[in-house]
Amino acid sequence: MATVLSVSGSPSAASRTARLLCHLDERLIAQGHEVIALDIRTLPAEALLGADFGHPAIVRATALFEQADGVVIGTPVYKAAYSGLLKSLLDLLPQYALAGKTVLPLATGGSTAHVLAIDYALRPVLASMGPAHITPGWFTLDKDITVGKDGTLTVAPGSAEALAQVTDQFSAALGGRTTLLAAAG
């Protein structure tokens, strides 16, 4: 199947966005895809903020984008836009780093006032990077994501269904076996 790069643009170590991505990664793996996680906050700040294109960590991150067939981009929404951390990495990638790839944009946030951040802030930047297809994205409210004391993630039923649907659409665009899982579940 396809290789998927799962990118977390959250600056927080206890990120709901990152946990939600891990949840979706598991679904993609079950559908036969290889998933590689990239947590941008683990990249060196001096390389990101100093626009050090040649820094080994940035070179490795760029190579991950090159190798991927599909990319899931997850970000918290701050001030009606995707995170500055995500922006700093996107700025360092080649102009057409998403050329020929299928992309799934996801966002999390505290208010429905930020729902359009995917379509009005993130999607245009991703589109400028040349993807073959940007599948419908999804915005999940923070209140719909619960992390238990043991670290288990629970997503509210309505959001969980919507996330499963957009993940399955993304997987199908990559050639995943979503029909088999739906029949088995």
# chains A, B, ... in the order shown; residues from 1 in each chain; ligands from 1
call {"tool": "residues_around", "arguments": {"residues": "stretch 83-86 of chain A", "least_positions_apart": "4", "cutoff": "8 Å", "atoms": "only C-alpha atoms", "output": "VMD selection string"}}
result
chain A and resid 8 to 11 40 to 41 75 to 78 90
call {"tool": "atom_distance", "arguments": {"atom1": "atom CA of A:Leu163", "atom2": "atom CA of A:Thr17"}}
result
12.6 Å
call {"tool": "residues_around", "arguments": {"residues": "stretch 100-108 of chain A", "least_positions_apart": "2", "cutoff": "9 Å", "atoms": "only C-alpha atoms", "output": "VMD selection string"}}
result
chain A and resid 16 to 17 20 to 21 68 to 77 82 96 to 98 110 to 111 114 to 115 117 to 118 122 to 123 126 130 to 142 166 to 167 170 173 to 174
call {"tool": "select_by_dssp", "arguments": {"residues": "stretch 50-156 of chain A", "states": "alpha helix (DSSP H)", "output": "count of residues only"}}
result
27
call {"tool": "closest_residue", "arguments": {"among": "A:Glu34, A:Asp119, A:Asp91, A:Glu46", "to": "A:Thr62", "atoms": "only C-alpha atoms"}}
result
A:Asp91
call {"tool": "atom_distance", "arguments": {"atom1": "atom CA of A:Met1", "atom2": "atom CA of A:Pro94"}}
result
25.3 Å
call {"tool": "closest_residue", "arguments": {"among": "A:Thr112, A:Cys22, A:Ala127, A:Ser171", "to": "A:Asp144", "atoms": "only C-alpha atoms"}}
result
A:Thr112
call {"tool": "atom_distance", "arguments": {"atom1": "atom CA of A:Leu153", "atom2": "atom CA of A:Val35"}}
result
18.8 Å
call {"tool": "closest_residue", "arguments": {"among": "A:Ser88, A:Ser15, A:Val4, A:Phe65", "to": "A:Gly32", "atoms": "only C-alpha atoms"}}
result
A:Val4
call {"tool": "select_by_dssp", "arguments": {"residues": "stretch 30-130 of chain A", "states": "strand (DSSP E)", "output": "mmCIF file with C-alpha atoms, in the first residue's frame"}}
result
data_model
loop_
_atom_site.group_PDB
_atom_site.id
_atom_site.type_symbol
_atom_site.label_atom_id
_atom_site.label_comp_id
_atom_site.auth_asym_id
_atom_site.auth_seq_id
_atom_site.Cartn_x
_atom_site.Cartn_y
_atom_site.Cartn_z
ATOM 1 C CA GLU A 34 2.861 2.361 6.199
ATOM 2 C CA VAL A 35 2.686 5.443 8.441
ATOM 3 C CA ILE A 36 5.670 7.562 9.408
ATOM 4 C CA ALA A 37 5.084 10.173 12.110
ATOM 5 C CA LEU A 38 6.784 13.570 12.060
ATOM 6 C CA ASP A 39 6.354 15.715 15.158
ATOM 7 C CA GLY A 70 0.229 10.809 1.091
ATOM 8 C CA VAL A 71 0.526 13.370 3.852
ATOM 9 C CA VAL A 72 -1.757 13.964 6.830
ATOM 10 C CA ILE A 73 -1.234 17.453 8.231
ATOM 11 C CA GLY A 74 -2.557 18.045 11.749
ATOM 12 C CA THR A 75 -2.483 21.397 13.491
ATOM 13 C CA PRO A 76 -4.072 23.193 16.384
ATOM 14 C CA VAL A 77 -5.759 26.432 15.399
ATOM 15 C CA TYR A 78 -4.442 29.630 16.964
ATOM 16 C CA ALA A 81 -4.909 29.948 11.487
ATOM 17 C CA TYR A 82 -2.686 26.894 11.612
ATOM 18 C CA THR A 102 -2.695 13.116 -1.633
ATOM 19 C CA VAL A 103 -3.111 15.355 1.415
ATOM 20 C CA LEU A 104 -5.519 15.226 4.371
ATOM 21 C CA PRO A 105 -5.687 18.458 6.420
ATOM 22 C CA LEU A 106 -6.881 18.198 10.030
ATOM 23 C CA ALA A 107 -7.235 20.815 12.736
ATOM 24 C CA THR A 108 -8.192 20.997 16.386
ATOM 25 C CA GLY A 109 -9.356 23.981 18.356
#
